[in-house]
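Source file work00.txt; content: compact mmCIF, C-alpha atoms and all ligand atoms.
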# COMPACT_ATOMS: atom_id res chain seq x y z
CA MET A 495 0.00 0.00 0.00
CA VAL A 496 1.45 3.33 -1.04
CA THR A 497 0.75 6.48 0.93
CA VAL A 498 0.39 9.65 -1.11
CA GLU A 499 -0.03 12.84 0.87
CA ALA A 500 0.18 16.60 0.56
CA VAL A 501 1.59 18.80 3.31
CA LEU A 502 2.44 22.46 3.74
CA GLY A 503 6.14 22.96 4.36
CA ASP A 504 9.72 23.42 3.28
CA ILE A 505 11.01 20.44 1.32
CA THR A 506 14.57 20.98 2.56
CA THR A 507 13.59 19.86 6.07
CA GLN A 508 11.91 16.63 5.03
CA CYS A 509 13.19 13.41 6.60
CA VAL A 510 12.62 11.17 3.61
CA ASP A 511 14.97 9.07 1.51
CA ALA A 512 14.94 11.45 -1.44
CA ILE A 513 13.66 14.91 -2.20
CA VAL A 514 12.98 16.03 -5.73
CA ASN A 515 14.38 19.33 -6.95
CA ALA A 516 12.65 21.49 -9.57
CA ALA A 517 15.94 22.34 -11.27
CA ASP A 518 16.87 23.79 -14.62
CA SER A 519 18.84 21.97 -17.30
CA ALA A 520 22.17 23.41 -16.22
CA LEU A 521 21.89 21.87 -12.72
CA MET A 522 23.86 24.74 -11.25
CA GLY A 523 21.25 25.96 -8.76
CA GLY A 524 18.87 28.86 -9.15
CA GLY A 525 15.98 30.49 -7.30
CA GLY A 526 12.83 29.00 -5.83
CA VAL A 527 12.99 25.50 -4.44
CA ASP A 528 16.26 24.87 -6.33
CA GLY A 529 17.93 27.77 -4.51
CA ALA A 530 16.53 26.64 -1.17
CA ILE A 531 17.78 23.09 -1.66
CA HIS A 532 21.28 24.21 -2.66
CA ALA A 533 21.44 26.67 0.25
CA ALA A 534 20.41 24.03 2.78
CA ALA A 535 22.52 21.24 1.30
CA GLY A 536 25.71 23.29 1.11
CA PRO A 537 28.51 23.16 -1.47
CA ALA A 538 28.65 19.36 -1.67
CA LEU A 539 25.44 19.41 -3.71
CA LEU A 540 26.86 21.78 -6.30
CA GLU A 541 29.95 19.60 -6.51
CA ASP A 542 27.77 16.56 -7.16
CA CYS A 543 25.85 18.49 -9.82
CA ARG A 544 29.10 19.53 -11.51
CA ARG A 545 30.13 15.88 -11.55
CA VAL A 546 26.84 14.93 -13.24
CA ARG A 547 27.46 17.62 -15.87
CA ALA A 548 31.04 16.45 -16.38
CA THR A 549 30.05 12.80 -16.80
CA THR A 550 26.56 11.63 -17.73
CA HIS A 551 24.95 14.94 -18.78
CA PRO A 552 27.50 17.24 -20.45
CA LYS A 553 24.71 19.04 -22.32
CA GLY A 554 22.53 19.40 -19.24
CA LEU A 555 19.45 17.52 -18.07
CA PRO A 556 16.63 17.47 -20.63
CA VAL A 557 13.13 18.66 -19.74
CA GLY A 558 11.11 15.80 -18.27
CA GLU A 559 14.20 13.83 -17.23
CA ALA A 560 15.58 13.13 -13.74
CA VAL A 561 18.97 12.41 -12.22
CA ALA A 562 20.12 11.76 -8.66
CA THR A 563 22.92 13.21 -6.58
CA GLY A 564 23.87 13.08 -2.94
CA ALA A 565 22.13 15.52 -0.61
CA GLY A 566 24.98 17.28 1.22
CA ASN A 567 23.77 18.52 4.61
CA LEU A 568 20.10 17.78 4.01
CA PRO A 569 18.28 15.22 6.16
CA ALA A 570 17.40 13.31 2.98
CA ARG A 571 19.94 10.92 1.51
CA TRP A 572 19.51 11.87 -2.13
CA VAL A 573 18.33 14.77 -4.25
CA ILE A 574 16.59 13.78 -7.47
CA HIS A 575 16.83 16.68 -9.91
CA THR A 576 14.17 17.03 -12.56
CA VAL A 577 13.56 19.77 -15.09
CA GLY A 578 9.97 20.83 -15.53
CA PRO A 579 8.61 22.36 -18.73
CA ASN A 580 8.79 26.14 -18.83
CA ARG A 581 5.44 27.56 -19.92
CA HIS A 582 7.04 30.94 -20.60
CA ARG A 583 9.06 29.21 -23.33
CA GLY A 584 5.98 27.57 -24.81
CA GLN A 585 6.59 24.23 -23.10
CA ASP A 586 2.95 23.46 -22.35
CA ASP A 587 2.80 19.71 -22.99
CA PRO A 588 1.43 17.96 -19.86
CA ALA A 589 3.24 14.77 -20.90
CA LEU A 590 6.56 16.49 -20.27
CA LEU A 591 5.42 17.50 -16.80
CA ALA A 592 4.06 14.01 -16.09
CA SER A 593 7.44 12.65 -17.13
CA CYS A 594 9.13 14.68 -14.37
CA PHE A 595 7.14 12.77 -11.79
CA THR A 596 7.41 9.31 -13.34
CA ARG A 597 11.11 9.61 -14.21
CA SER A 598 11.84 10.86 -10.68
CA LEU A 599 10.06 7.83 -9.24
CA ALA A 600 12.01 5.54 -11.56
CA VAL A 601 15.26 7.08 -10.33
CA ALA A 602 14.05 6.69 -6.73
CA ARG A 603 13.38 2.99 -7.31
CA ASP A 604 16.84 2.52 -8.81
CA LEU A 605 18.35 4.11 -5.72
CA GLY A 606 16.22 2.08 -3.30
CA ALA A 607 14.57 5.28 -2.04
CA ARG A 608 11.19 4.23 -0.63
CA CYS A 609 10.01 7.62 0.70
CA VAL A 610 10.10 10.50 -1.77
CA ALA A 611 9.09 14.17 -1.40
CA PHE A 612 8.11 16.29 -4.40
CA PRO A 613 7.63 20.04 -4.76
CA ALA A 614 5.11 21.49 -7.21
CA VAL A 615 7.44 21.17 -10.20
CA SER A 616 6.94 23.98 -12.78
CA ALA A 617 4.38 25.82 -10.60
CA GLY A 618 6.75 28.69 -9.80
CA VAL A 619 9.20 30.43 -12.14
CA TYR A 620 8.17 28.08 -14.97
CA GLY A 621 4.66 29.45 -14.89
CA TRP A 622 2.29 26.47 -14.67
CA ASP A 623 -0.95 26.78 -12.76
CA ALA A 624 -0.71 24.85 -9.47
CA ALA A 625 -4.04 23.09 -10.06
CA GLU A 626 -2.80 21.82 -13.42
CA VAL A 627 0.46 20.62 -11.91
CA ALA A 628 -1.50 18.86 -9.17
CA ALA A 629 -3.80 17.14 -11.69
CA VAL A 630 -0.93 16.06 -13.95
CA ALA A 631 1.15 14.83 -10.99
CA THR A 632 -1.75 12.89 -9.52
CA ASP A 633 -2.63 11.20 -12.81
CA ALA A 634 1.01 10.34 -13.47
CA LEU A 635 1.39 8.86 -10.01
CA ARG A 636 -1.80 6.88 -10.20
CA ALA A 637 -0.64 5.06 -13.31
CA ASP A 638 2.95 4.69 -12.15
CA LEU A 639 2.28 3.42 -8.65
CA ALA A 640 -0.29 0.91 -9.91
CA GLU A 641 2.34 -0.57 -12.21
CA HIS A 642 5.53 -0.50 -10.12
CA ASP A 643 6.49 -1.47 -6.57
CA GLY A 644 9.35 -0.05 -4.58
CA VAL A 645 8.06 3.29 -3.30
CA ASP A 646 6.00 3.35 -0.08
CA LEU A 647 5.46 7.07 0.46
CA VAL A 648 5.07 9.99 -1.90
CA ARG A 649 4.76 13.32 -0.12
CA PHE A 650 4.00 16.54 -1.94
CA VAL A 651 5.53 19.37 0.06
CA LEU A 652 3.85 22.61 -0.88
CA PHE A 653 5.04 26.07 -0.02
CA SER A 654 1.73 27.95 0.08
CA GLU A 655 -1.84 27.33 1.22
CA PRO A 656 -3.35 27.70 -2.29
CA THR A 657 -0.86 25.19 -3.71
CA LEU A 658 -1.59 22.81 -0.86
CA ALA A 659 -5.34 23.17 -1.51
CA ALA A 660 -4.81 22.42 -5.22
CA PHE A 661 -2.95 19.20 -4.42
CA GLN A 662 -5.40 18.12 -1.72
CA SER A 663 -8.24 18.59 -4.14
CA ALA A 664 -6.49 16.62 -6.92
CA LEU A 665 -5.64 13.80 -4.52
CA SER A 666 -9.17 13.51 -3.18
CA ALA A 667 -10.57 13.55 -6.72
CA ALA A 668 -8.22 10.68 -7.60
CA GLY A 669 -9.84 8.43 -5.00
CA PRO A 670 -8.50 5.52 -2.97
CA LEU A 671 -6.15 3.99 -5.56
CA LEU A 672 -3.55 6.43 -4.34
N1 LIG A 701 9.94 23.87 -0.33
C1 LIG A 701 8.90 23.48 -1.09
N2 LIG A 701 8.45 24.18 -2.17
C2 LIG A 701 9.09 25.34 -2.46
C3 LIG A 701 10.19 25.82 -1.71
C4 LIG A 701 10.61 25.03 -0.61
N3 LIG A 701 11.65 25.40 0.16
N4 LIG A 701 10.61 27.00 -2.26
C5 LIG A 701 9.78 27.25 -3.31
N5 LIG A 701 8.87 26.26 -3.41
C6 LIG A 701 7.77 26.09 -4.37
C7 LIG A 701 7.28 27.32 -5.12
O1 LIG A 701 6.45 28.11 -4.29
C8 LIG A 701 6.50 26.65 -6.26
O2 LIG A 701 5.19 26.30 -5.85
O3 LIG A 701 8.16 25.21 -5.40
C9 LIG A 701 7.29 25.36 -6.52
C10 LIG A 701 8.10 25.35 -7.78
O4 LIG A 701 8.61 26.67 -8.02
P1 LIG A 701 10.09 26.94 -8.57
O5 LIG A 701 11.08 26.65 -7.51
O6 LIG A 701 10.09 28.30 -9.13
O7 LIG A 701 10.28 25.81 -9.72
P2 LIG A 701 9.84 25.81 -11.28
O8 LIG A 701 8.57 26.54 -11.52
O9 LIG A 701 9.91 24.37 -11.69
O10 LIG A 701 10.98 26.65 -11.98
C11 LIG A 701 12.28 26.10 -12.08
O11 LIG A 701 13.32 27.94 -11.05
O12 LIG A 701 15.07 28.82 -9.89
C12 LIG A 701 14.67 27.98 -10.69
O13 LIG A 701 16.70 26.79 -11.18
C13 LIG A 701 15.30 26.73 -11.16
O14 LIG A 701 15.32 27.69 -13.33
C14 LIG A 701 14.67 26.73 -12.50
C15 LIG A 701 13.26 27.21 -12.26
Rewritten as structure tokens:
Amino acid sequence: MVTVEAVLGDITTQCVDAIVNAADSALMGGGGVDGAIHAAAGPALLEDCRRVRATTHPKGLPVGEAVATGAGNLPARWVIHTVGPNRHRGQDDPALLASCFTRSLAVARDLGARCVAFPAVSAGVYGWDAAEVAAVATDALRADLAEHDGVDLVRFVLFSEPTLAAFQSALSAAGPLL
């Protein structure tokens, strides 16, 4: 049985196996949740990101993809970086956003991370409506979790009351499968 929940909070303080970062392709940190994660994790995270760029992803991480690093000083063990579609650049395909969630879960399973926290990927600087992100994330999870074992807890950690309400509403609409 998988638990899927939505809470109000700061993802950097979550005691889970892995937290997901709403990064950009360069993986060099930024604002929003990306900036908060790098600030809390300390320089070891940036070093890990540089290593990813120097090895597996010299051209950066594509939109909709995910890659793991260590988590520096964070309570979590890993950070899974994903790049959401940027609506301001015309990236409005929900499949790309869904892919952020499913690819992050696939990376979590490969790591053996059973408890995973997600932010509202693309709902900040990248300009997606929080309710749409919540609906896309919930649908993606429903299909993914029904098909694959290995993850016991998915926690959406939302930074504002309206975003929390959007996720709560999407989760209750999805029903008991989640
Ligand atoms: N914990 C949880 N959620 C947070 C936190 C935090 N500490 N800080 C911000 N958020 C929320 C925002 O309020 C928003 O709802 O995360 C959601 C995603 O917003 P962004 O961080 O702006 O992410 P995104 O829209 O995917 O844009 C990515 O922003 O700075 C960058 O490098 C990043 O260029 C990339 C872009």
So which residues touch Ala668 of chain A within 10 Å, counting only C-alpha atoms, skipping near sequence neighbours fewer than 3 positions away, as a list of chain:residue names? A:Ala629, A:Thr632, A:Asp633, A:Arg636, A:Gln662, A:Ser663, A:Ala664, A:Leu665, A:Leu671, A:Leu672
Per-residue nearest contacts segment 577-648 of chain A to segment 560-564 of chain A, cut-off 8 Å, using all atoms listed in the file, as CSV:
residue,atom,partner,partner_atom,distance
A:Val577,CA,A:Ala560,CA,7.1
A:Cys594,CA,A:Ala560,CA,6.7
A:Arg597,CA,A:Ala560,CA,5.7
A:Ser598,CA,A:Ala560,CA,5.3
A:Val601,CA,A:Val561,CA,6.8
Given the selection you just returned, output its residues as a file containing C-alpha atoms, formatted as a PDB file, in the frame of the given file.
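After the write, result39.pdb holds the following:
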ATOM      1  CA  VAL A 577      13.560  19.770 -15.090  1.00  0.00           C
ATOM      2  CA  CYS A 594       9.130  14.680 -14.370  1.00  0.00           C
ATOM      3  CA  ARG A 597      11.110   9.610 -14.210  1.00  0.00           C
ATOM      4  CA  SER A 598      11.840  10.860 -10.680  1.00  0.00           C
ATOM      5  CA  VAL A 601      15.260   7.080 -10.330  1.00  0.00           C
TER       6      VAL A 601
END
Residues within 9 Å of Leu539 of chain A, please, as a ChimeraX atom specification. Count only C-alpha atoms; anything in the same chain fewer than 6 positions from it doesn't count. /A:531-532,563-567,573
Expected answer as a VMD selection string: residues within 7 Å of ligand LIG 701 (chain A), all atoms listed in the file: chain A and resid 503 to 506 516 to 518 523 to 531 577 to 578 613 to 621 651 to 654 657
To one decimal place in Å, what is the distance between atom CA of Arg603 of chain A and atom CA of His642 of chain A? 9.0 Å
Residues within 12 Å of Ala589 of chain A, please, as a ChimeraX atom specification. Count all atoms listed in the file; anything in the same chain fewer than 2 positions from it doesn't count. /A:557-559,578-579,585-587,591-597,626-627,629-631,633-634
What separation in Å, quoted to one decimal, exists between atom CA of Leu605 of chain A and atom CA of Val645 of chain A? 10.6 Å
Assuming 4 Å of padding per side, give the centre and edge lengths of the axis-aligned box around every listed atom of segment 551-560 of chain A, in Å to one decimal and as JSON.
{"center_x": 19.3, "center_y": 16.3, "center_z": -18.0, "size_x": 24.4, "size_y": 14.3, "size_z": 16.6}
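Here atom CA of Glu655 of chain A stands at a distance of 19.9 Å from atom CA of Val514 of chain A.
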For segment 498-500 of chain A, find every residue with an atom within 6 Å (counting all atoms listed in the file), except residues of its own chain fewer than 5 positions away, and show them as a list in words. Leu647, Val648, Arg649 and Phe650 of chain A
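Proximity of A:Pro588, A:Arg544, A:Met495, A:Leu502 to Leu658 of chain A, computed with all atoms listed in the file, is greatest for A:Leu502.
Neighbourhood of point (14.7, 19.6, 5.4): residues with an atom at most 8 Å away, counting only C-alpha atoms, are Asp504, Ile505, Thr506, Thr507, Gln508, Cys509, Ala534, Leu568, Pro569 and Ala570 of chain A.
Among the candidate residues A:Val501, A:Phe661, A:Trp622, A:Ala628, the one lying nearest to Arg583 of chain A is A:Trp622, with distances computed using all atoms listed in the file.
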